[in-house]
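First the structure, in the form of C-alpha cells, and then the observations on it.
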Amino acid sequence: MEKHLQQQKSNCIKIVLFGPESTGKSSLAKFLASHYKTYYVEEFARQYLQEKWDNFGKICEKQDLIPIAKGQIKNENIMSKKANRILFCDTDLLTTAVYSRLYFNGFCDADLDKFSKHNYYDLYLLMDIDIEWVKDDLRDRPNERAELFNVFKDALIENNKNYMIVSGNFEKRKKTSIEFVDNFLNLKNSN
C-alpha cells in the first residue's frame with residue numbers, strides 16, 4: 001500500500017493551501033493556478049465524501065481515510081506531470097491526518113501518518129478563519145474554528161513545515177498569496 005501514498009519525483013514547486021474547513025482554500029487554489037498559468041490539485045476528499053453523502057447519507061468513516069489519501073496522491077502525481085514550475089495543492093495528506101485525529105479520537109493509520117510527514121511540499125499557505133463560514137453537506141464545525149485553526153497551525157509547527165498565514169477577504173488573500181509565492185520563488189531562484 002505504501003507506494004499508493006508516496007509522491008512521485010517531480011521538479012515542480014508544490015504549494016499547499018492548508019487549514020480548517022470553509023477558509024477559501026479551493027477558491028484560492030483555482031485563482032493561483034490561473035494566475036501562475038499552471039494546474040492545481042483538487043481536494044479528492046470533497047468529491048469522495050459528497051458522493052458518499054448523496055448516495056448513502058453517510059459521513060466520513062475510518063475506512064474512508066486510506067482511499068481518500070490514495071486518491072489525493074494519485075491526482076497530485078498526475079497533475080505534477082502537467083504543471084509548469086508550480087503546482088498548487090488544495091490539500092495534502094497532513095490535512096487528512098489532522099482530520100483523522102480530530103474525528104476519530106486521535107486515531108491515524110500508520111501509513112497515512114508516515115506519508116503525511118514524509119511527502120514534501122515547498123510551502124504551505126495556512127488559511128486564517130477571518131472569513132465567513134459557509135454551510136454545506138460536509139462542513140460541520142462552525143463553532144470550533146479557532147480551535148481547528150490552532151490544530152492545523154500546530155501540525156505545521158510539529159512537522160517543521162514552511163508556512164505563511166493568509167488572512168483577510170478574498171481580494172486580500174489573493175494579493176497576499178501572490179506576494180508570498182513571488183517572494184518564495186525569488187528566494188528559490190537566488191539560491
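Chain labels A, B, ... are given in the sequence in which chains occur in the C-alpha cells; within each chain residues are numbered consecutively from 1, and ligands are likewise numbered from 1 in the order shown.
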> Counting only C-alpha atoms, what is within 8 Å of Asn162 (chain A), bar same-chain residues fewer than 2 positions away, as a list in words?
Replying inline: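 In the requested form, the answer reads Asp122, Leu123, Tyr124, Leu156, Asn160 and Met164 of chain A.
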Selection to disk with N, CA, C and O atoms, as a PDB file, in the first residue's frame:
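Okay, this is what ended up in selection.pdb:
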ATOM      1  N   ASP A 122       6.926  22.489  -0.734  1.00  0.00           N
ATOM      2  CA  ASP A 122       7.845  23.613  -0.567  1.00  0.00           C
ATOM      3  C   ASP A 122       7.300  24.688   0.354  1.00  0.00           C
ATOM      4  O   ASP A 122       8.055  25.331   1.087  1.00  0.00           O
ATOM      5  N   LEU A 123       5.995  24.910   0.300  1.00  0.00           N
ATOM      6  CA  LEU A 123       5.390  25.991   1.075  1.00  0.00           C
ATOM      7  C   LEU A 123       3.937  25.650   1.378  1.00  0.00           C
ATOM      8  O   LEU A 123       3.231  25.093   0.538  1.00  0.00           O
ATOM      9  N   TYR A 124       3.524  26.003   2.585  1.00  0.00           N
ATOM     10  CA  TYR A 124       2.118  25.884   2.989  1.00  0.00           C
ATOM     11  C   TYR A 124       1.559  27.292   3.165  1.00  0.00           C
ATOM     12  O   TYR A 124       2.189  28.136   3.800  1.00  0.00           O
ATOM     13  N   LEU A 156       1.620  22.040  11.445  1.00  0.00           N
ATOM     14  CA  LEU A 156       2.707  22.586  10.622  1.00  0.00           C
ATOM     15  C   LEU A 156       3.970  22.781  11.451  1.00  0.00           C
ATOM     16  O   LEU A 156       5.076  22.438  11.013  1.00  0.00           O
ATOM     17  N   ASN A 160       7.587  20.716  11.248  1.00  0.00           N
ATOM     18  CA  ASN A 160       8.627  21.600  10.706  1.00  0.00           C
ATOM     19  C   ASN A 160       8.369  21.993   9.250  1.00  0.00           C
ATOM     20  O   ASN A 160       9.257  21.928   8.403  1.00  0.00           O
ATOM     21  N   MET A 164       3.140  30.203   5.698  1.00  0.00           N
ATOM     22  CA  MET A 164       2.773  31.608   5.862  1.00  0.00           C
ATOM     23  C   MET A 164       1.262  31.633   6.110  1.00  0.00           C
ATOM     24  O   MET A 164       0.519  30.828   5.543  1.00  0.00           O
TER      25      MET A 164
END
Go through region 47-188 of chain A and collect every residue that DSSP, computed from the backbone, puts in strand (DSSP E); the answer should be as a list in words.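 Answer for region 47-188 of chain A, restricted to strand (DSSP E): Ile86, Leu87, Phe88, Cys89, Leu123, Tyr124, Leu125, Leu126, Met127, Tyr163, Met164, Ile165 and Val166 of chain A.
Residues in contact with Glu76 (chain A) at up to 8 Å, not including ones fewer than 6 positions away on its chain and judged by only C-alpha atoms, are A:Gln7, A:Val41, A:Cys89.
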Include N, CA, C and O atoms and write out the residues we just selected as a PDB file, in the first residue's frame.
ATOM      1  N   GLN A   7       4.569  10.342  -3.053  1.00  0.00           N
ATOM      2  CA  GLN A   7       4.691  11.249  -4.186  1.00  0.00           C
ATOM      3  C   GLN A   7       5.691  10.682  -5.185  1.00  0.00           C
ATOM      4  O   GLN A   7       6.695  10.109  -4.808  1.00  0.00           O
ATOM      5  N   VAL A  41      -4.337  20.809  -7.776  1.00  0.00           N
ATOM      6  CA  VAL A  41      -4.898  19.514  -7.437  1.00  0.00           C
ATOM      7  C   VAL A  41      -6.127  19.760  -6.569  1.00  0.00           C
ATOM      8  O   VAL A  41      -6.022  20.360  -5.504  1.00  0.00           O
ATOM      9  N   CYS A  89      -1.759  22.712  -4.405  1.00  0.00           N
ATOM     10  CA  CYS A  89      -2.498  21.559  -3.881  1.00  0.00           C
ATOM     11  C   CYS A  89      -3.567  22.040  -2.910  1.00  0.00           C
ATOM     12  O   CYS A  89      -3.257  22.689  -1.906  1.00  0.00           O
TER      13      CYS A  89
END
- Residues at most 12 Å from Arg101 (chain A), counting only C-alpha atoms, excluding those fewer than 2 positions away in the same chain, as a list in words?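 These residues fall inside the cut-off: Lys62, Leu65, Leu94, Thr95, Thr96, Ala97, Val98, Tyr99, Tyr103, Phe104, Asn105, Gly106, Phe107, Cys108, Asp109, Ala110, Leu112, Asp113, Leu148, Val151, Phe152 and Ala155 of chain A.
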Would you write out those residues with N, CA, C and O atoms, as a PDB file, in the first residue's frame?
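Contents of selection-v6.pdb, freshly written:
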ATOM      1  N   LYS A  62     -13.701   5.739   9.342  1.00  0.00           N
ATOM      2  CA  LYS A  62     -12.272   5.384   9.358  1.00  0.00           C
ATOM      3  C   LYS A  62     -11.831   4.709   8.063  1.00  0.00           C
ATOM      4  O   LYS A  62     -10.758   4.992   7.545  1.00  0.00           O
ATOM      5  N   LEU A  65     -10.469   6.817   5.031  1.00  0.00           N
ATOM      6  CA  LEU A  65      -9.263   7.646   5.079  1.00  0.00           C
ATOM      7  C   LEU A  65      -8.193   7.217   4.084  1.00  0.00           C
ATOM      8  O   LEU A  65      -7.608   8.064   3.394  1.00  0.00           O
ATOM      9  N   LEU A  94      -1.227  15.552   5.143  1.00  0.00           N
ATOM     10  CA  LEU A  94      -1.198  16.091   6.502  1.00  0.00           C
ATOM     11  C   LEU A  94      -2.591  16.570   6.904  1.00  0.00           C
ATOM     12  O   LEU A  94      -3.018  16.371   8.040  1.00  0.00           O
ATOM     13  N   THR A  95      -3.316  17.153   5.972  1.00  0.00           N
ATOM     14  CA  THR A  95      -4.704  17.556   6.231  1.00  0.00           C
ATOM     15  C   THR A  95      -5.545  16.332   6.595  1.00  0.00           C
ATOM     16  O   THR A  95      -6.306  16.360   7.572  1.00  0.00           O
ATOM     17  N   THR A  96      -5.399  15.276   5.818  1.00  0.00           N
ATOM     18  CA  THR A  96      -6.162  14.049   6.077  1.00  0.00           C
ATOM     19  C   THR A  96      -5.806  13.477   7.446  1.00  0.00           C
ATOM     20  O   THR A  96      -6.695  13.054   8.199  1.00  0.00           O
ATOM     21  N   ALA A  97      -4.532  13.508   7.789  1.00  0.00           N
ATOM     22  CA  ALA A  97      -4.094  13.008   9.103  1.00  0.00           C
ATOM     23  C   ALA A  97      -4.655  13.866  10.235  1.00  0.00           C
ATOM     24  O   ALA A  97      -5.094  13.337  11.265  1.00  0.00           O
ATOM     25  N   VAL A  98      -4.664  15.181  10.050  1.00  0.00           N
ATOM     26  CA  VAL A  98      -5.219  16.081  11.074  1.00  0.00           C
ATOM     27  C   VAL A  98      -6.696  15.771  11.288  1.00  0.00           C
ATOM     28  O   VAL A  98      -7.153  15.609  12.429  1.00  0.00           O
ATOM     29  N   TYR A  99      -7.449  15.671  10.198  1.00  0.00           N
ATOM     30  CA  TYR A  99      -8.881  15.367  10.332  1.00  0.00           C
ATOM     31  C   TYR A  99      -9.106  13.978  10.923  1.00  0.00           C
ATOM     32  O   TYR A  99     -10.042  13.779  11.706  1.00  0.00           O
ATOM     33  N   TYR A 103     -11.501  13.585  14.166  1.00  0.00           N
ATOM     34  CA  TYR A 103     -12.796  12.913  14.082  1.00  0.00           C
ATOM     35  C   TYR A 103     -12.807  11.516  14.692  1.00  0.00           C
ATOM     36  O   TYR A 103     -13.871  10.993  14.998  1.00  0.00           O
ATOM     37  N   PHE A 104     -11.635  10.910  14.847  1.00  0.00           N
ATOM     38  CA  PHE A 104     -11.598   9.528  15.313  1.00  0.00           C
ATOM     39  C   PHE A 104     -10.747   9.375  16.575  1.00  0.00           C
ATOM     40  O   PHE A 104      -9.932   8.460  16.685  1.00  0.00           O
ATOM     41  N   ASN A 105     -10.946  10.301  17.508  1.00  0.00           N
ATOM     42  CA  ASN A 105     -10.339  10.231  18.848  1.00  0.00           C
ATOM     43  C   ASN A 105      -8.841   9.964  18.834  1.00  0.00           C
ATOM     44  O   ASN A 105      -8.338   9.099  19.550  1.00  0.00           O
ATOM     45  N   GLY A 106      -8.122  10.704  18.008  1.00  0.00           N
ATOM     46  CA  GLY A 106      -6.670  10.592  17.965  1.00  0.00           C
ATOM     47  C   GLY A 106      -6.134   9.537  17.028  1.00  0.00           C
ATOM     48  O   GLY A 106      -4.930   9.442  16.826  1.00  0.00           O
ATOM     49  N   PHE A 107      -7.010   8.728  16.417  1.00  0.00           N
ATOM     50  CA  PHE A 107      -6.577   7.665  15.512  1.00  0.00           C
ATOM     51  C   PHE A 107      -6.042   8.229  14.196  1.00  0.00           C
ATOM     52  O   PHE A 107      -6.648   9.113  13.598  1.00  0.00           O
ATOM     53  N   CYS A 108      -4.923   7.687  13.749  1.00  0.00           N
ATOM     54  CA  CYS A 108      -4.410   7.946  12.403  1.00  0.00           C
ATOM     55  C   CYS A 108      -3.701   6.689  11.930  1.00  0.00           C
ATOM     56  O   CYS A 108      -2.798   6.180  12.612  1.00  0.00           O
ATOM     57  N   ASP A 109      -4.105   6.159  10.801  1.00  0.00           N
ATOM     58  CA  ASP A 109      -3.479   4.993  10.206  1.00  0.00           C
ATOM     59  C   ASP A 109      -1.967   5.214  10.119  1.00  0.00           C
ATOM     60  O   ASP A 109      -1.507   6.310   9.776  1.00  0.00           O
ATOM     61  N   ALA A 110      -1.189   4.190  10.425  1.00  0.00           N
ATOM     62  CA  ALA A 110       0.278   4.312  10.471  1.00  0.00           C
ATOM     63  C   ALA A 110       0.862   4.742   9.133  1.00  0.00           C
ATOM     64  O   ALA A 110       1.771   5.583   9.088  1.00  0.00           O
ATOM     65  N   LEU A 112      -0.724   6.407   6.696  1.00  0.00           N
ATOM     66  CA  LEU A 112      -1.148   7.801   6.474  1.00  0.00           C
ATOM     67  C   LEU A 112      -0.277   8.738   7.289  1.00  0.00           C
ATOM     68  O   LEU A 112       0.212   9.767   6.776  1.00  0.00           O
ATOM     69  N   ASP A 113      -0.035   8.409   8.532  1.00  0.00           N
ATOM     70  CA  ASP A 113       0.808   9.238   9.389  1.00  0.00           C
ATOM     71  C   ASP A 113       2.216   9.357   8.801  1.00  0.00           C
ATOM     72  O   ASP A 113       2.779  10.449   8.706  1.00  0.00           O
ATOM     73  N   LEU A 148      -9.789  24.682  15.590  1.00  0.00           N
ATOM     74  CA  LEU A 148      -9.319  23.968  14.404  1.00  0.00           C
ATOM     75  C   LEU A 148      -8.117  24.674  13.775  1.00  0.00           C
ATOM     76  O   LEU A 148      -7.156  24.020  13.369  1.00  0.00           O
ATOM     77  N   VAL A 151      -5.112  23.747  15.702  1.00  0.00           N
ATOM     78  CA  VAL A 151      -4.705  22.363  15.450  1.00  0.00           C
ATOM     79  C   VAL A 151      -3.922  22.282  14.130  1.00  0.00           C
ATOM     80  O   VAL A 151      -2.874  21.625  14.059  1.00  0.00           O
ATOM     81  N   PHE A 152      -4.418  22.959  13.097  1.00  0.00           N
ATOM     82  CA  PHE A 152      -3.719  22.947  11.816  1.00  0.00           C
ATOM     83  C   PHE A 152      -2.365  23.655  11.923  1.00  0.00           C
ATOM     84  O   PHE A 152      -1.355  23.159  11.408  1.00  0.00           O
ATOM     85  N   ALA A 155       0.088  21.450  13.686  1.00  0.00           N
ATOM     86  CA  ALA A 155       0.557  20.354  12.833  1.00  0.00           C
ATOM     87  C   ALA A 155       1.709  20.821  11.948  1.00  0.00           C
ATOM     88  O   ALA A 155       2.682  20.083  11.740  1.00  0.00           O
TER      89      ALA A 155
END
Among A:Lys52, A:Lys30, A:Gln6, A:Asn143, Tyr120 (chain A) is approached most closely, using only C-alpha atoms, by A:Gln6
**Report entry** helix (DSSP H, G or I) residues, from DSSP on the backbone, in region 3-175 of chain A, as a PyMOL selection string
**Finding:** chain A and resi 3-5+25-35+44-56+62-82+93-103+110-118+145-158+170-175
Subject >> Distance query Leu185 (chain A) at most 10 Å, only C-alpha atoms, self and fewer than 4 positions along chain excluded, as a ChimeraX atom specification >> reply: /A:13,85-86,179-181,189-190
Fill in: All residues 10 Å or closer to Lys174 (chain A), only C-alpha atoms, same chain fewer than 2 positions away omitted, as a ChimeraX atom specification
/A:27-29,31-32,35,166-172,176-180
Generate a file of the selected residues that holds N, CA and C atoms, formatted as a compact mmCIF listing (two decimals), in the first residue's frame.
# COMPACT_ATOMS: atom_id res chain seq x y z
N SER A 27 -11.10 27.98 -3.64
CA SER A 27 -11.19 29.17 -4.50
C SER A 27 -9.82 29.77 -4.73
N LEU A 28 -9.01 29.82 -3.70
CA LEU A 28 -7.68 30.40 -3.83
C LEU A 28 -6.76 29.50 -4.66
N ALA A 29 -6.88 28.20 -4.52
CA ALA A 29 -6.07 27.28 -5.33
C ALA A 29 -6.37 27.48 -6.82
N PHE A 31 -7.63 30.19 -8.24
CA PHE A 31 -7.14 31.51 -8.63
C PHE A 31 -5.62 31.48 -8.85
N LEU A 32 -4.89 30.93 -7.91
CA LEU A 32 -3.42 30.93 -8.01
C LEU A 32 -2.94 30.12 -9.21
N HIS A 35 -3.49 32.35 -12.12
CA HIS A 35 -2.56 33.47 -12.10
C HIS A 35 -1.16 33.04 -12.56
N VAL A 166 -2.37 33.31 5.68
CA VAL A 166 -3.10 34.16 4.74
C VAL A 166 -4.42 34.57 5.38
N SER A 167 -4.63 35.88 5.50
CA SER A 167 -5.81 36.41 6.18
C SER A 167 -6.53 37.42 5.28
N GLY A 168 -7.69 37.86 5.75
CA GLY A 168 -8.42 38.93 5.08
C GLY A 168 -9.47 38.41 4.11
N ASN A 169 -10.17 39.36 3.48
CA ASN A 169 -11.19 38.98 2.49
C ASN A 169 -10.50 38.35 1.28
N PHE A 170 -11.30 37.87 0.33
CA PHE A 170 -10.73 37.10 -0.77
C PHE A 170 -9.74 37.93 -1.59
N GLU A 171 -10.06 39.20 -1.83
CA GLU A 171 -9.13 40.05 -2.59
C GLU A 171 -7.79 40.19 -1.87
N LYS A 172 -7.85 40.39 -0.56
CA LYS A 172 -6.61 40.50 0.22
C LYS A 172 -5.86 39.17 0.22
N THR A 176 -2.05 38.80 -1.01
CA THR A 176 -1.07 38.30 -0.04
C THR A 176 -0.45 37.00 -0.54
N SER A 177 -1.25 36.11 -1.07
CA SER A 177 -0.73 34.82 -1.55
C SER A 177 0.24 35.02 -2.70
N ILE A 178 -0.09 35.90 -3.62
CA ILE A 178 0.82 36.19 -4.73
C ILE A 178 2.14 36.73 -4.20
N GLU A 179 2.07 37.64 -3.22
CA GLU A 179 3.30 38.18 -2.62
C GLU A 179 4.13 37.06 -1.98
N PHE A 180 3.48 36.19 -1.22
CA PHE A 180 4.18 35.08 -0.57
C PHE A 180 4.83 34.16 -1.61
Shell around Asn11 (chain A) at 10 Å using only C-alpha atoms, local window under 6 positions removed, as a list in words: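 Near neighbours after the sequence-gap exclusion: Ser80, Lys81, Ala83, Asn84, Arg85, Ile86 and Leu87 of chain A.
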Take the residues from that selection and put them in a file with N, CA and C atoms, as an mmCIF file, in the first residue's frame.
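Contents of selection_23.cif, freshly written:
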data_model
loop_
_atom_site.group_PDB
_atom_site.id
_atom_site.type_symbol
_atom_site.label_atom_id
_atom_site.label_comp_id
_atom_site.auth_asym_id
_atom_site.auth_seq_id
_atom_site.Cartn_x
_atom_site.Cartn_y
_atom_site.Cartn_z
ATOM 1 N N SER A 80 1.244 16.810 -11.216
ATOM 2 C CA SER A 80 2.638 17.274 -11.149
ATOM 3 C C SER A 80 3.355 17.056 -12.482
ATOM 4 N N LYS A 81 2.858 16.146 -13.299
ATOM 5 C CA LYS A 81 3.434 15.931 -14.632
ATOM 6 C C LYS A 81 2.938 16.984 -15.627
ATOM 7 N N ALA A 83 1.900 20.189 -14.636
ATOM 8 C CA ALA A 83 2.143 21.550 -14.135
ATOM 9 C C ALA A 83 3.412 22.133 -14.736
ATOM 10 N N ASN A 84 3.412 23.465 -14.808
ATOM 11 C CA ASN A 84 4.661 24.113 -15.179
ATOM 12 C C ASN A 84 5.559 24.060 -13.950
ATOM 13 N N ARG A 85 6.176 25.079 -13.603
ATOM 14 C CA ARG A 85 7.124 25.111 -12.497
ATOM 15 C C ARG A 85 6.479 24.987 -11.122
ATOM 16 N N ILE A 86 5.178 25.287 -11.014
ATOM 17 C CA ILE A 86 4.483 25.317 -9.717
ATOM 18 C C ILE A 86 3.229 24.453 -9.795
ATOM 19 N N LEU A 87 2.938 23.752 -8.699
ATOM 20 C CA LEU A 87 1.678 23.029 -8.558
ATOM 21 C C LEU A 87 1.044 23.437 -7.239
#
Could you work out how far CA of Thr38 (chain A) lies from CA of Lys188 (chain A), giving the answer in Å with one decimal?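 Pair CA of Lys188 (chain A) / CA of Thr38 (chain A) returns 18.0 Å.
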Shortest contact to Asn119 (chain A), candidates A:Asn159, A:Glu147, A:Glu132, A:Ile66, atoms counted only C-alpha atoms, goes to A:Asn159
Query - Interatomic distance (Å, one decimal) between CA of Thr23 (chain A) and CA of Leu125 (chain A) - result: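 Those two atoms sit 11.2 Å apart.
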With distances taken over only C-alpha atoms, the candidate from A:Asp128, A:Asp182, A:Asp90, A:Glu43 nearest Asn150 (chain A) is A:Asp128
- Item | Between CA of Ile129 (chain A) and CA of Cys12 (chain A) - distance in Å to one decimal |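 So the answer is 28.8 Å.
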